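Content type compact mmCIF, C-alpha atoms, from the file model.txt:
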```
# COMPACT_ATOMS: atom_id res chain seq x y z
CA MET A 687 34.85 -46.26 107.03
CA TYR A 688 31.73 -48.32 107.66
CA SER A 689 30.08 -45.37 109.40
CA GLU A 690 30.76 -43.20 106.34
CA ILE A 691 28.98 -45.65 104.04
CA GLN A 692 26.00 -45.72 106.38
CA ARG A 693 25.84 -41.91 106.42
CA GLU A 694 25.87 -41.86 102.62
CA ARG A 695 23.07 -44.40 102.49
CA ALA A 696 21.06 -42.37 104.94
CA ASP A 697 21.42 -39.35 102.70
CA ILE A 698 20.28 -41.36 99.68
CA GLY A 699 17.36 -42.73 101.65
CA GLY A 700 16.23 -39.19 102.35
CA LEU A 701 16.05 -38.49 98.64
CA MET A 702 13.76 -41.44 97.93
CA ALA A 703 10.06 -40.92 98.33
CA ARG A 704 8.52 -42.95 101.13
CA PRO A 705 4.87 -42.93 102.04
CA GLU A 706 4.29 -41.33 105.36
CA TYR A 707 1.71 -43.54 107.05
CA ARG A 708 1.63 -41.37 110.13
CA GLU A 709 0.16 -38.47 108.24
CA TRP A 710 -2.64 -40.58 106.83
CA ASN A 711 -6.00 -40.72 108.35
CA PRO A 712 -6.13 -43.57 110.90
CA GLU A 713 -9.58 -44.54 109.64
CA LEU A 714 -8.19 -45.47 106.23
CA ILE A 715 -7.04 -48.99 105.51
CA LYS A 716 -3.27 -49.20 105.23
CA PRO A 717 -2.05 -50.78 101.96
CA LYS A 718 -0.53 -54.23 102.09
CA LYS A 719 2.01 -55.68 99.74
CA LEU A 720 0.32 -57.87 97.11
CA LEU A 721 1.22 -61.57 96.98
CA ASN A 722 2.78 -62.90 93.83
CA PRO A 723 0.39 -65.62 92.59
CA VAL A 724 3.26 -67.67 91.15
CA LYS A 725 5.21 -67.69 94.41
CA ALA A 726 2.09 -68.35 96.40
CA SER A 727 1.24 -71.49 94.40
CA ARG A 728 1.85 -74.83 96.07
CA SER A 729 3.77 -76.34 93.14
CA HIS A 730 6.15 -73.38 93.00
CA GLN A 731 6.86 -73.66 96.72
CA GLU A 732 7.58 -77.39 96.41
CA LEU A 733 9.86 -76.84 93.43
CA HIS A 734 11.71 -74.08 95.24
CA ARG A 735 12.11 -76.28 98.32
CA GLU A 736 13.47 -79.14 96.19
CA LEU A 737 15.95 -76.83 94.44
CA LEU A 738 17.17 -75.54 97.80
CA MET A 739 17.64 -79.08 99.10
CA ASN A 740 19.59 -80.07 95.97
CA HIS A 741 21.73 -76.97 96.28
CA ARG A 742 22.53 -77.76 99.91
CA ARG A 743 23.48 -81.34 99.00
CA GLY A 744 25.66 -80.07 96.16
CA LEU A 745 23.57 -81.44 93.34
CA GLY A 746 23.35 -79.04 90.43
CA VAL A 747 20.58 -78.73 87.92
CA ASP A 748 21.58 -81.00 85.06
CA SER A 749 21.40 -79.64 81.58
CA LYS A 750 20.84 -83.11 80.08
CA PRO A 751 17.73 -85.22 80.56
CA GLU A 752 18.04 -88.36 82.65
CA LEU A 753 17.47 -90.71 79.70
CA GLN A 754 20.28 -89.12 77.71
CA ARG A 755 22.64 -89.38 80.68
CA VAL A 756 21.81 -93.08 81.16
CA LEU A 757 22.32 -93.86 77.46
CA GLU A 758 25.68 -92.07 77.41
CA HIS A 759 26.71 -93.94 80.54
CA ARG A 760 25.82 -97.29 78.91
CA ARG A 761 27.68 -96.40 75.72
CA ARG A 762 30.74 -95.41 77.71
CA ASN A 763 30.62 -98.69 79.69
CA GLN A 764 30.25 -100.75 76.50
CA LEU A 765 33.25 -99.04 74.92
CA LEU A 766 35.33 -99.63 78.05
CA LYS A 767 34.35 -103.32 78.12
CA LYS A 768 35.19 -103.70 74.45
CA LYS A 769 38.60 -102.07 74.91
CA LYS A 770 39.34 -104.27 77.93
CA GLU A 771 38.43 -107.41 75.98
CA GLU A 772 40.65 -106.37 73.08
CA MET A 773 43.55 -105.64 75.41
CA GLU A 774 43.16 -109.00 77.15
CA ALA A 775 42.93 -110.80 73.80
CA LYS A 776 46.16 -109.15 72.68
CA ARG A 777 47.85 -109.95 75.96
CA LEU A 778 46.82 -113.62 75.83
CA GLN A 779 48.19 -114.18 72.32
CA CYS A 780 51.67 -115.55 72.07
CA PRO A 781 54.23 -113.79 69.83
CA PHE A 782 53.84 -116.45 67.14
CA GLU A 783 50.08 -115.82 66.88
CA GLN A 784 50.67 -112.06 66.78
CA GLU A 785 53.09 -112.44 63.87
CA LEU A 786 50.60 -114.65 62.01
CA LEU A 787 47.91 -112.02 62.52
CA ARG A 788 50.15 -109.26 61.19
CA ARG A 789 50.99 -111.28 58.07
CA GLN A 790 47.33 -112.09 57.48
CA GLN A 791 46.41 -108.41 57.75
CA ARG A 792 49.16 -107.46 55.29
CA LEU A 793 47.93 -110.07 52.81
CA ASN A 794 44.36 -108.82 53.16
CA GLN A 795 45.50 -105.25 52.50
CA LEU A 796 47.39 -106.33 49.39
CA GLU A 797 44.35 -108.21 48.04
CA LYS A 798 41.84 -105.41 48.60
CA PRO A 799 43.14 -102.67 46.24
CA PRO A 800 42.62 -104.73 43.02
CA GLU A 801 39.00 -105.30 44.00
CA LYS A 802 38.50 -101.56 44.41
CA GLU A 803 39.92 -100.91 40.93
CA GLU A 804 37.37 -103.33 39.46
CA ASP A 805 34.60 -101.47 41.25
CA HIS A 806 35.58 -98.24 39.47
CA THR A 807 34.84 -99.69 36.04
CA PRO A 808 31.50 -98.52 34.67
CA GLU A 809 28.60 -100.88 35.11
CA PHE A 810 27.74 -101.08 31.41
CA ILE A 811 31.19 -102.60 30.68
CA LYS A 812 30.63 -105.30 33.29
CA VAL A 813 27.21 -106.11 31.86
CA ARG A 814 28.61 -106.22 28.32
CA GLU A 815 31.31 -108.70 29.38
CA ASN A 816 28.69 -110.88 31.07
CA LEU A 817 26.52 -110.81 27.94
CA ARG A 818 29.45 -111.85 25.76
CA ARG A 819 30.12 -114.84 27.95
CA THR A 820 26.54 -116.03 27.99
CA ALA A 821 25.53 -115.05 24.43
CA THR A 822 28.25 -116.75 22.41
CA PRO A 823 27.92 -120.50 22.58
CA THR A 824 31.10 -122.46 22.21
CA SER A 825 31.68 -124.93 19.37
CA GLN A 826 31.11 -127.85 21.74
CA GLU A 827 27.70 -126.49 22.72
CA ARG A 828 26.77 -126.03 19.03
CA ALA A 829 27.63 -129.66 18.34
CA LEU A 830 25.22 -130.85 20.99
```
Encoded form (structure tokens):
Amino acid sequence: MYSEIQRERADIGGLMARPEYREWNPELIKPKKLLNPVKASRSHQELHRELLMNHRRGLGVDSKPELQRVLEHRRRNQLLKKKKEEMEAKRLQCPFEQELLRRQQRLNQLEKPPEKEEDHTPEFIKVRENLRRTATPTSQERAL
């Protein structure tokens, strides 16, 4: 089977045009393959060498910059620390303290909705009420 593939490739190779250097005049200069100026540059060679070393060590080319990776790592660590502290605080509280906390939270939730309803009143009504309070002097103030 392998020999068949090689025979087919040999047939294909015969179809392709190859320069026959033997037929050329020996006095002529034989052509050389041109160097790619990018690959020949020193910086390109160093970069290629570094990429090969990283590939061998198993380090991939990161899609994120180093600064972004460091900031994400710090954020992740801060969140983990915060969660650990919260868990420890909950664990350290006795059941009595936990019940007090729950009741306090319920009371806070019950107190908040009326404040929100007041916020929905138009501003001009609030100002008008304030003006009424300050503008009309009471009978005691008139007497003074």
### Message
If I take CA of Leu745 in chain A and CA of His730 in chain A, how far is one from the other in Å, to one decimal?
### Response
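Between CA of Leu745 in chain A and CA of His730 in chain A the gap is 19.2 Å.
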### Task
In Å, rounded to a single decimal, give me how far CA of Leu765 in chain A is from CA of Leu753 in chain A.
18.5 Å
### Query
CA of Leu787 in chain A and CA of Lys769 in chain A are how many Å apart?
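Computed distance, CA of Leu787 in chain A to CA of Lys769 in chain A, equals 18.4 Å.
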Starting from the incomplete input, reconstruct N, CA, C and O atoms of range 765-777 of chain A and report them as a short mmCIF file (atom, residue, chain, number, x, y, z; two decimals), keeping the file's coordinate frame.
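After the write, result-v7.cif holds the following:
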```
data_model
loop_
_atom_site.label_atom_id
_atom_site.label_comp_id
_atom_site.auth_asym_id
_atom_site.auth_seq_id
_atom_site.Cartn_x
_atom_site.Cartn_y
_atom_site.Cartn_z
N LEU A 765 31.96 -99.31 75.56
CA LEU A 765 33.25 -99.04 74.92
C LEU A 765 34.40 -99.49 75.83
O LEU A 765 35.38 -100.08 75.35
N LEU A 766 34.27 -99.22 77.12
CA LEU A 766 35.33 -99.63 78.05
C LEU A 766 35.45 -101.15 78.09
O LEU A 766 36.56 -101.70 78.10
N LYS A 767 34.31 -101.86 78.12
CA LYS A 767 34.35 -103.32 78.12
C LYS A 767 35.01 -103.85 76.86
O LYS A 767 35.83 -104.77 76.90
N LYS A 768 34.64 -103.26 75.72
CA LYS A 768 35.19 -103.70 74.45
C LYS A 768 36.71 -103.49 74.41
O LYS A 768 37.45 -104.37 74.00
N LYS A 769 37.16 -102.35 74.89
CA LYS A 769 38.60 -102.07 74.91
C LYS A 769 39.33 -103.04 75.84
O LYS A 769 40.41 -103.53 75.52
N LYS A 770 38.72 -103.32 77.00
CA LYS A 770 39.34 -104.27 77.93
C LYS A 770 39.46 -105.65 77.31
O LYS A 770 40.49 -106.32 77.44
N GLU A 771 38.40 -106.09 76.62
CA GLU A 771 38.43 -107.41 75.98
C GLU A 771 39.51 -107.47 74.91
O GLU A 771 40.22 -108.46 74.79
N GLU A 772 39.63 -106.40 74.12
CA GLU A 772 40.65 -106.37 73.08
C GLU A 772 42.05 -106.41 73.69
O GLU A 772 42.93 -107.12 73.20
N MET A 773 42.24 -105.66 74.76
CA MET A 773 43.55 -105.64 75.41
C MET A 773 43.90 -107.02 75.98
O MET A 773 45.02 -107.49 75.86
N GLU A 774 42.92 -107.67 76.59
CA GLU A 774 43.16 -109.00 77.15
C GLU A 774 43.43 -110.01 76.04
O GLU A 774 44.28 -110.89 76.18
N ALA A 775 42.70 -109.88 74.93
CA ALA A 775 42.93 -110.80 73.80
C ALA A 775 44.34 -110.62 73.26
O ALA A 775 45.01 -111.60 72.93
N LYS A 776 44.80 -109.39 73.16
CA LYS A 776 46.16 -109.15 72.68
C LYS A 776 47.19 -109.68 73.66
O LYS A 776 48.23 -110.19 73.28
N ARG A 777 46.91 -109.51 74.94
CA ARG A 777 47.85 -109.95 75.96
C ARG A 777 47.96 -111.47 76.00
O ARG A 777 49.02 -112.04 76.25
#
```
